[in-house]
Amino acid sequence: MESTLAPGAVSQGVRRITLDAGGVTLSALLCEPEGTPRATVVAVHGGGMSAGYFDGQAHPELSLLTLGARLGYTVLAVDRPGYGHSAAQLPEGLTVAEQTDVLRAGIDDFTAKYPTGAGILLVAHSFGGKLALSAAAHCTGDGLLGLDISGCGHRYAVTPGVIRKGLKHIARHWGPLRLYPPDTFRSSGSLVAPMPEREAGELPRWPELFATLAPRVRIPVRLTFAEHEGWWLHGDKDLADLAAQLTAAPRIVVDRQPDAGHNISLGWAARSYHLRTLAFLEDCITRAGRGA
């Protein structure tokens with residue numbers, strides 16, 4: 001249904017909706033193409049952010065939602081459980097496993113009401129990448145074509161104590177300020193939200209959880225690390241080990257995004273990253289079409 005939520009501006013053609021996710025109401029941003037979509041992108045934001053991360057307002061070229069719709073895809077950016085509309089219902093948030101069930105229920109509600117084309121690409125950033133990997137690990141052939149994840153590795157570049165401080169480490173989230181349009185920090189104020197406590201409590205456990213989930217992912221995976229990524233170890237050996245743990249994935253792509261910080265989709269590099277994301281989706285559509 002249409003939502004009356006009002007925080008933050010959205011791009012022209014983007015509208016706010018809500019999803020019934022098994023009794024949890026999730027807010028979301030939706031942008032649809034003219035006619036039947038070629039496929040659908042479901043975008044999942046990181047910790048301390050919101051769905052508007054994928055509809056950056058500092059420059060017209062930043063929005064994944066409007067770019068995807070112009071190129072023939074439906075793009076749905078979801079406020080994860082504990083954010084947006086569901087923050088009041090879930091003030092402590094949910095664990096990754098619990099969020100997985102809610103997200104999948106929300107996607108089921110969406111696909112029952114809207115055409116999705118060839119299937120769904122999960123696009124995720126930072127903590128959202130953890131949720132996307134969990135969702136894929138529990139995938140049972142329900143139209144999920146692939147995963148495209150940025151800003152999420154398997155080995156932290158910081159200590160557990162620093163991880164818990166989260167948003168206080170501005171440089172790790174953003175990198176050099178020259179990477180972003182001048183109006184970024186004013187326009188991004190409405191995107192920031194507190195990280196729920198139960199979600200934050202799982203941060204130190206991620207390397208262990210990744211090792212459990214990674215071998216169960218059976219769809220193509222693309223992982224992108226910004227040039228100025230500060231939260232994750234992303235040297236060649238680290239990335240080789242990460243990819244090696246995705247033992248069941250039929251295709252693994254590891255990319256580096258030049259001139260970008262952790263928040264890639266809010267910087268000047270957003271359009272380049274988003275176009276590569278949609279190119280990866282096309283590869284996934286081709287693979288699915290030939291029954292590979």
# chains A, B, ... in the order shown; residues from 1 in each chain; ligands from 1
>>> closest_atom_pairs(of="stretch 176-278 of chain A", to="stretch 118-129 of chain A", cutoff="9 Å", atoms="only C-alpha atoms", output="JSON lines")
{"residue": "A:Leu203", "atom": "CA", "partner": "A:Phe127", "partner_atom": "CA", "distance": 8.6}
{"residue": "A:His262", "atom": "CA", "partner": "A:Ser126", "partner_atom": "CA", "distance": 8.1}
{"residue": "A:Asn263", "atom": "CA", "partner": "A:His125", "partner_atom": "CA", "distance": 8.1}
{"residue": "A:Ile264", "atom": "CA", "partner": "A:His125", "partner_atom": "CA", "distance": 8.7}
{"residue": "A:Ser265", "atom": "CA", "partner": "A:His125", "partner_atom": "CA", "distance": 8.8}
{"residue": "A:Thr277", "atom": "CA", "partner": "A:Val123", "partner_atom": "CA", "distance": 8.0}
>>> write_last_selection(atoms="all heavy atoms", output="CSV table (one decimal), in the first residue's frame")
chain,number,residue,atom,x,y,z
A,203,LEU,N,27.6,-7.4,15.5
A,203,LEU,CA,28.7,-6.9,14.7
A,203,LEU,C,30.0,-7.8,14.9
A,203,LEU,O,30.6,-8.2,13.9
A,203,LEU,CB,29.0,-5.4,15.0
A,203,LEU,CG,27.9,-4.4,14.4
A,203,LEU,CD1,28.2,-3.0,14.9
A,203,LEU,CD2,27.9,-4.4,12.9
A,262,HIS,N,33.5,4.2,1.6
A,262,HIS,CA,32.6,3.1,2.0
A,262,HIS,C,31.2,3.4,1.5
A,262,HIS,O,30.5,2.5,1.0
A,262,HIS,CB,32.6,3.1,3.6
A,262,HIS,CG,31.7,2.0,4.1
A,262,HIS,ND1,31.9,0.7,4.1
A,262,HIS,CD2,30.5,2.2,4.8
A,262,HIS,CE1,31.0,0.0,4.7
A,262,HIS,NE2,30.1,0.9,5.1
A,263,ASN,N,30.7,4.6,1.6
A,263,ASN,CA,29.3,4.9,1.1
A,263,ASN,C,29.3,5.2,-0.4
A,263,ASN,O,29.1,6.3,-0.8
A,263,ASN,CB,28.8,6.1,1.9
A,263,ASN,CG,28.4,5.7,3.3
A,263,ASN,OD1,28.0,4.6,3.6
A,263,ASN,ND2,28.6,6.7,4.3
A,264,ILE,N,29.6,4.2,-1.2
A,264,ILE,CA,29.8,4.4,-2.6
A,264,ILE,C,28.6,5.0,-3.3
A,264,ILE,O,28.7,5.9,-4.1
A,264,ILE,CB,30.0,3.0,-3.3
A,264,ILE,CG1,31.4,2.4,-2.8
A,264,ILE,CG2,30.1,3.1,-4.8
A,264,ILE,CD1,31.6,1.0,-3.3
A,265,SER,N,27.4,4.6,-2.9
A,265,SER,CA,26.2,5.1,-3.6
A,265,SER,C,25.8,6.5,-3.3
A,265,SER,O,24.8,7.0,-3.9
A,265,SER,CB,25.0,4.2,-3.2
A,265,SER,OG,25.2,2.9,-3.8
A,277,THR,N,26.5,-2.6,-11.5
A,277,THR,CA,25.5,-3.5,-10.8
A,277,THR,C,24.5,-4.0,-11.8
A,277,THR,O,24.2,-5.2,-11.8
A,277,THR,CB,24.9,-2.7,-9.7
A,277,THR,OG1,25.8,-2.4,-8.7
A,277,THR,CG2,23.7,-3.5,-9.1
>>> closest_atom_pairs(of="stretch 43-123 of chain A", to="stretch 184-192 of chain A", cutoff="10 Å", atoms="only C-alpha atoms", output="Markdown table")
| residue | atom | partner | partner_atom | distance |
| --- | --- | --- | --- | --- |
| A:Gly47 | CA | A:Val192 | CA | 9.0 |
| A:Gly48 | CA | A:Val192 | CA | 5.6 |
| A:Met49 | CA | A:Val192 | CA | 4.5 |
| A:Ser50 | CA | A:Leu191 | CA | 5.3 |
| A:Ala51 | CA | A:Leu191 | CA | 7.5 |
| A:Gly52 | CA | A:Leu191 | CA | 5.8 |
| A:Tyr53 | CA | A:Leu191 | CA | 6.4 |
| A:Phe54 | CA | A:Leu191 | CA | 9.8 |
| A:Asp55 | CA | A:Leu191 | CA | 9.8 |
| A:Gly56 | CA | A:Ser188 | CA | 7.4 |
| A:Gln57 | CA | A:Ser187 | CA | 6.0 |
| A:Ala58 | CA | A:Thr184 | CA | 5.0 |
| A:His59 | CA | A:Thr184 | CA | 8.2 |
| A:Tyr83 | CA | A:Val192 | CA | 9.9 |
| A:Gly84 | CA | A:Leu191 | CA | 9.7 |
>>> closest_atom_pairs(of="stretch 171-251 of chain A", to="stretch 86-92 of chain A", cutoff="12 Å", atoms="only C-alpha atoms", output="JSON lines")
{"residue": "A:Ala193", "atom": "CA", "partner": "A:Ala87", "partner_atom": "CA", "distance": 9.6}
{"residue": "A:Pro194", "atom": "CA", "partner": "A:Ala87", "partner_atom": "CA", "distance": 9.6}
{"residue": "A:Met195", "atom": "CA", "partner": "A:Glu92", "partner_atom": "CA", "distance": 8.9}
{"residue": "A:Pro196", "atom": "CA", "partner": "A:Glu92", "partner_atom": "CA", "distance": 5.1}
{"residue": "A:Glu197", "atom": "CA", "partner": "A:Glu92", "partner_atom": "CA", "distance": 5.3}
{"residue": "A:Arg198", "atom": "CA", "partner": "A:Glu92", "partner_atom": "CA", "distance": 5.7}
{"residue": "A:Glu199", "atom": "CA", "partner": "A:Glu92", "partner_atom": "CA", "distance": 7.9}
{"residue": "A:Ala200", "atom": "CA", "partner": "A:Glu92", "partner_atom": "CA", "distance": 9.6}
{"residue": "A:Gly201", "atom": "CA", "partner": "A:Glu92", "partner_atom": "CA", "distance": 10.3}
>>> closest_residue(among="A:Lys113, A:Arg38, A:Arg15, A:Arg251", to="A:Val78", atoms="only C-alpha atoms")
A:Arg15
>>> closest_residue(among="A:Val75, A:Ala260, A:Leu94, A:Val158", to="A:Pro115", atoms="only C-alpha atoms")
A:Val75
>>> closest_residue(among="A:Lys130, A:His154, A:Arg271, A:His45", to="A:Ala240", atoms="only C-alpha atoms")
A:His154
>>> atom_distance(atom1="atom CA of A:Ala21", atom2="atom CA of A:Cys139")
16.6 Å
>>> residues_around(residues="stretch 23-33 of chain A", least_positions_apart="6", cutoff="8 Å", atoms="only C-alpha atoms", output="MDAnalysis selection string")
chainID A and resid 3 13:17 51:52 65:66 68:81 84:86 89 102 106
>>> closest_residue(among="A:Gly93, A:Leu62, A:Gly117, A:Ala135", to="A:Val44", atoms="only C-alpha atoms")
A:Ala135
>>> atom_distance(atom1="atom CA of A:Arg155", atom2="atom CA of A:Ala211")
10.7 Å
>>> atom_distance(atom1="atom CA of A:Thr247", atom2="atom CA of A:Ala214")
7.3 Å
>>> residues_around(residues="stretch 173-182 of chain A", least_positions_apart="4", cutoff="8 Å", atoms="only C-alpha atoms", output="ChimeraX atom specification")
/A:58-59,167,169,228-231,259-263,266-269
>>> residues_around(residues="A:Gly22", least_positions_apart="4", cutoff="12 Å", atoms="only C-alpha atoms", output="PyMOL selection string")
chain A and resi 26+81+98-109
>>> write_last_selection(atoms="N, CA, C and O atoms", output="compact mmCIF listing (two decimals), in the first residue's frame")
# COMPACT_ATOMS: atom_id res chain seq x y z
N LEU A 26 7.12 -2.93 6.75
CA LEU A 26 8.36 -2.34 6.27
C LEU A 26 8.05 -1.19 5.32
O LEU A 26 7.22 -1.32 4.43
N PRO A 81 14.36 -4.17 8.82
CA PRO A 81 13.64 -4.26 10.10
C PRO A 81 14.38 -3.49 11.20
O PRO A 81 15.58 -3.65 11.40
N GLU A 98 16.80 -13.18 12.13
CA GLU A 98 15.42 -12.71 12.23
C GLU A 98 15.09 -11.73 11.11
O GLU A 98 13.99 -11.77 10.54
N GLN A 99 16.03 -10.87 10.77
CA GLN A 99 15.80 -9.95 9.65
C GLN A 99 15.62 -10.71 8.35
O GLN A 99 14.86 -10.28 7.47
N THR A 100 16.30 -11.83 8.21
CA THR A 100 16.19 -12.63 6.99
C THR A 100 14.76 -13.07 6.76
O THR A 100 14.22 -12.95 5.65
N ASP A 101 14.12 -13.57 7.79
CA ASP A 101 12.73 -14.03 7.66
C ASP A 101 11.81 -12.87 7.31
O ASP A 101 10.90 -13.01 6.47
N VAL A 102 12.03 -11.72 7.95
CA VAL A 102 11.16 -10.55 7.69
C VAL A 102 11.38 -10.03 6.27
O VAL A 102 10.41 -9.73 5.56
N LEU A 103 12.63 -9.92 5.84
CA LEU A 103 12.89 -9.43 4.49
C LEU A 103 12.27 -10.34 3.45
O LEU A 103 11.64 -9.87 2.49
N ARG A 104 12.43 -11.63 3.61
CA ARG A 104 11.87 -12.56 2.64
C ARG A 104 10.35 -12.46 2.60
O ARG A 104 9.75 -12.54 1.52
N ALA A 105 9.72 -12.26 3.75
CA ALA A 105 8.26 -12.08 3.78
C ALA A 105 7.87 -10.79 3.07
O ALA A 105 6.86 -10.74 2.35
N GLY A 106 8.65 -9.74 3.26
CA GLY A 106 8.37 -8.48 2.59
C GLY A 106 8.52 -8.59 1.08
O GLY A 106 7.71 -8.04 0.32
N ILE A 107 9.55 -9.30 0.63
CA ILE A 107 9.73 -9.51 -0.80
C ILE A 107 8.59 -10.34 -1.36
O ILE A 107 8.08 -10.07 -2.47
N ASP A 108 8.15 -11.35 -0.63
CA ASP A 108 7.00 -12.15 -1.08
C ASP A 108 5.76 -11.29 -1.24
O ASP A 108 4.99 -11.45 -2.20
N ASP A 109 5.55 -10.36 -0.31
CA ASP A 109 4.40 -9.45 -0.40
C ASP A 109 4.53 -8.58 -1.65
O ASP A 109 3.55 -8.36 -2.37
>>> closest_residue(among="A:Gly8, A:Gly289, A:Pro220, A:Pro215", to="A:Leu242", atoms="only C-alpha atoms")
A:Pro215
>>> closest_residue(among="A:Ala157, A:Val221, A:Ala249, A:Val41", to="A:Leu233", atoms="only C-alpha atoms")
A:Ala157
>>> residues_around(residues="A:Ala248", least_positions_apart="2", cutoff="8 Å", atoms="only C-alpha atoms", output="tab-separated table (two decimals) with N, CA and C atoms, in the first residue's frame")
chain	number	residue	atom	x	y	z
A	215	PRO	N	29.18	-20.92	2.40
A	215	PRO	CA	29.10	-22.14	1.59
A	215	PRO	C	27.70	-22.51	1.14
A	216	ARG	N	26.69	-21.82	1.67
A	216	ARG	CA	25.30	-22.15	1.34
A	216	ARG	C	24.72	-21.25	0.25
A	217	VAL	N	25.50	-20.29	-0.22
A	217	VAL	CA	25.03	-19.37	-1.26
A	217	VAL	C	25.22	-20.03	-2.62
A	218	ARG	N	24.12	-20.21	-3.36
A	218	ARG	CA	24.16	-20.96	-4.61
A	218	ARG	C	23.79	-20.13	-5.83
A	219	ILE	N	23.95	-18.84	-5.73
A	219	ILE	CA	23.65	-17.95	-6.85
A	219	ILE	C	24.87	-17.06	-7.09
A	246	LEU	N	32.97	-19.00	-0.70
A	246	LEU	CA	31.69	-19.07	-1.42
A	246	LEU	C	31.73	-20.28	-2.35
A	250	PRO	N	27.97	-20.20	-8.28
A	250	PRO	CA	28.41	-20.54	-9.64
A	250	PRO	C	29.29	-19.48	-10.28
>>> decode(residues="stretch 85-105 of chain A", atoms="N, CA, C and O atoms", output="PDB file, in the first residue's frame")
ATOM      1  N   HIS A  85       9.574   2.718   9.037  1.00  0.00           N
ATOM      2  CA  HIS A  85       8.270   2.461   9.636  1.00  0.00           C
ATOM      3  C   HIS A  85       8.335   1.433  10.765  1.00  0.00           C
ATOM      4  O   HIS A  85       7.613   1.540  11.762  1.00  0.00           O
ATOM      5  N   SER A  86       9.193   0.441  10.626  1.00  0.00           N
ATOM      6  CA  SER A  86       9.217  -0.644  11.621  1.00  0.00           C
ATOM      7  C   SER A  86      10.038  -0.306  12.863  1.00  0.00           C
ATOM      8  O   SER A  86      10.105  -1.114  13.797  1.00  0.00           O
ATOM      9  N   ALA A  87      10.668   0.868  12.918  1.00  0.00           N
ATOM     10  CA  ALA A  87      11.484   1.219  14.077  1.00  0.00           C
ATOM     11  C   ALA A  87      10.662   1.259  15.359  1.00  0.00           C
ATOM     12  O   ALA A  87      11.124   0.816  16.418  1.00  0.00           O
ATOM     13  N   ALA A  88       9.431   1.752  15.270  1.00  0.00           N
ATOM     14  CA  ALA A  88       8.578   1.808  16.461  1.00  0.00           C
ATOM     15  C   ALA A  88       8.146   0.412  16.891  1.00  0.00           C
ATOM     16  O   ALA A  88       8.007   0.128  18.089  1.00  0.00           O
ATOM     17  N   GLN A  89       7.909  -0.458  15.929  1.00  0.00           N
ATOM     18  CA  GLN A  89       7.484  -1.824  16.224  1.00  0.00           C
ATOM     19  C   GLN A  89       8.641  -2.680  16.743  1.00  0.00           C
ATOM     20  O   GLN A  89       8.440  -3.600  17.549  1.00  0.00           O
ATOM     21  N   LEU A  90       9.862  -2.376  16.274  1.00  0.00           N
ATOM     22  CA  LEU A  90      11.043  -3.171  16.630  1.00  0.00           C
ATOM     23  C   LEU A  90      12.128  -2.237  17.172  1.00  0.00           C
ATOM     24  O   LEU A  90      13.181  -2.070  16.561  1.00  0.00           O
ATOM     25  N   PRO A  91      11.906  -1.608  18.327  1.00  0.00           N
ATOM     26  CA  PRO A  91      12.858  -0.605  18.818  1.00  0.00           C
ATOM     27  C   PRO A  91      14.249  -1.161  19.115  1.00  0.00           C
ATOM     28  O   PRO A  91      15.232  -0.427  19.044  1.00  0.00           O
ATOM     29  N   GLU A  92      14.347  -2.440  19.421  1.00  0.00           N
ATOM     30  CA  GLU A  92      15.645  -3.064  19.672  1.00  0.00           C
ATOM     31  C   GLU A  92      16.230  -3.703  18.412  1.00  0.00           C
ATOM     32  O   GLU A  92      17.340  -4.233  18.428  1.00  0.00           O
ATOM     33  N   GLY A  93      15.453  -3.675  17.321  1.00  0.00           N
ATOM     34  CA  GLY A  93      15.902  -4.280  16.087  1.00  0.00           C
ATOM     35  C   GLY A  93      15.827  -5.795  16.129  1.00  0.00           C
ATOM     36  O   GLY A  93      15.190  -6.383  17.012  1.00  0.00           O
ATOM     37  N   LEU A  94      16.466  -6.440  15.159  1.00  0.00           N
ATOM     38  CA  LEU A  94      16.463  -7.891  15.037  1.00  0.00           C
ATOM     39  C   LEU A  94      17.862  -8.386  14.697  1.00  0.00           C
ATOM     40  O   LEU A  94      18.674  -7.649  14.156  1.00  0.00           O
ATOM     41  N   THR A  95      18.112  -9.648  14.964  1.00  0.00           N
ATOM     42  CA  THR A  95      19.356 -10.274  14.539  1.00  0.00           C
ATOM     43  C   THR A  95      19.333 -10.478  13.031  1.00  0.00           C
ATOM     44  O   THR A  95      18.289 -10.331  12.378  1.00  0.00           O
ATOM     45  N   VAL A  96      20.464 -10.853  12.472  1.00  0.00           N
ATOM     46  CA  VAL A  96      20.526 -11.112  11.027  1.00  0.00           C
ATOM     47  C   VAL A  96      19.554 -12.224  10.643  1.00  0.00           C
ATOM     48  O   VAL A  96      18.832 -12.118   9.643  1.00  0.00           O
ATOM     49  N   ALA A  97      19.518 -13.304  11.412  1.00  0.00           N
ATOM     50  CA  ALA A  97      18.622 -14.415  11.099  1.00  0.00           C
ATOM     51  C   ALA A  97      17.165 -13.977  11.133  1.00  0.00           C
ATOM     52  O   ALA A  97      16.368 -14.347  10.260  1.00  0.00           O
ATOM     53  N   GLU A  98      16.805 -13.178  12.128  1.00  0.00           N
ATOM     54  CA  GLU A  98      15.424 -12.705  12.234  1.00  0.00           C
ATOM     55  C   GLU A  98      15.093 -11.734  11.107  1.00  0.00           C
ATOM     56  O   GLU A  98      13.993 -11.775  10.541  1.00  0.00           O
ATOM     57  N   GLN A  99      16.029 -10.873  10.765  1.00  0.00           N
ATOM     58  CA  GLN A  99      15.801  -9.955   9.652  1.00  0.00           C
ATOM     59  C   GLN A  99      15.619 -10.711   8.346  1.00  0.00           C
ATOM     60  O   GLN A  99      14.863 -10.282   7.471  1.00  0.00           O
ATOM     61  N   THR A 100      16.297 -11.833   8.215  1.00  0.00           N
ATOM     62  CA  THR A 100      16.192 -12.630   6.991  1.00  0.00           C
ATOM     63  C   THR A 100      14.759 -13.074   6.764  1.00  0.00           C
ATOM     64  O   THR A 100      14.222 -12.945   5.650  1.00  0.00           O
ATOM     65  N   ASP A 101      14.119 -13.575   7.789  1.00  0.00           N
ATOM     66  CA  ASP A 101      12.728 -14.028   7.663  1.00  0.00           C
ATOM     67  C   ASP A 101      11.806 -12.869   7.309  1.00  0.00           C
ATOM     68  O   ASP A 101      10.903 -13.007   6.475  1.00  0.00           O
ATOM     69  N   VAL A 102      12.026 -11.717   7.946  1.00  0.00           N
ATOM     70  CA  VAL A 102      11.164 -10.553   7.693  1.00  0.00           C
ATOM     71  C   VAL A 102      11.376 -10.033   6.273  1.00  0.00           C
ATOM     72  O   VAL A 102      10.405  -9.727   5.557  1.00  0.00           O
ATOM     73  N   LEU A 103      12.625  -9.925   5.845  1.00  0.00           N
ATOM     74  CA  LEU A 103      12.889  -9.430   4.493  1.00  0.00           C
ATOM     75  C   LEU A 103      12.273 -10.343   3.446  1.00  0.00           C
ATOM     76  O   LEU A 103      11.642  -9.868   2.487  1.00  0.00           O
ATOM     77  N   ARG A 104      12.432 -11.626   3.610  1.00  0.00           N
ATOM     78  CA  ARG A 104      11.872 -12.559   2.642  1.00  0.00           C
ATOM     79  C   ARG A 104      10.354 -12.459   2.601  1.00  0.00           C
ATOM     80  O   ARG A 104       9.754 -12.538   1.521  1.00  0.00           O
ATOM     81  N   ALA A 105       9.722 -12.258   3.754  1.00  0.00           N
ATOM     82  CA  ALA A 105       8.263 -12.082   3.777  1.00  0.00           C
ATOM     83  C   ALA A 105       7.866 -10.789   3.073  1.00  0.00           C
ATOM     84  O   ALA A 105       6.864 -10.737   2.349  1.00  0.00           O
TER      85      ALA A 105
END
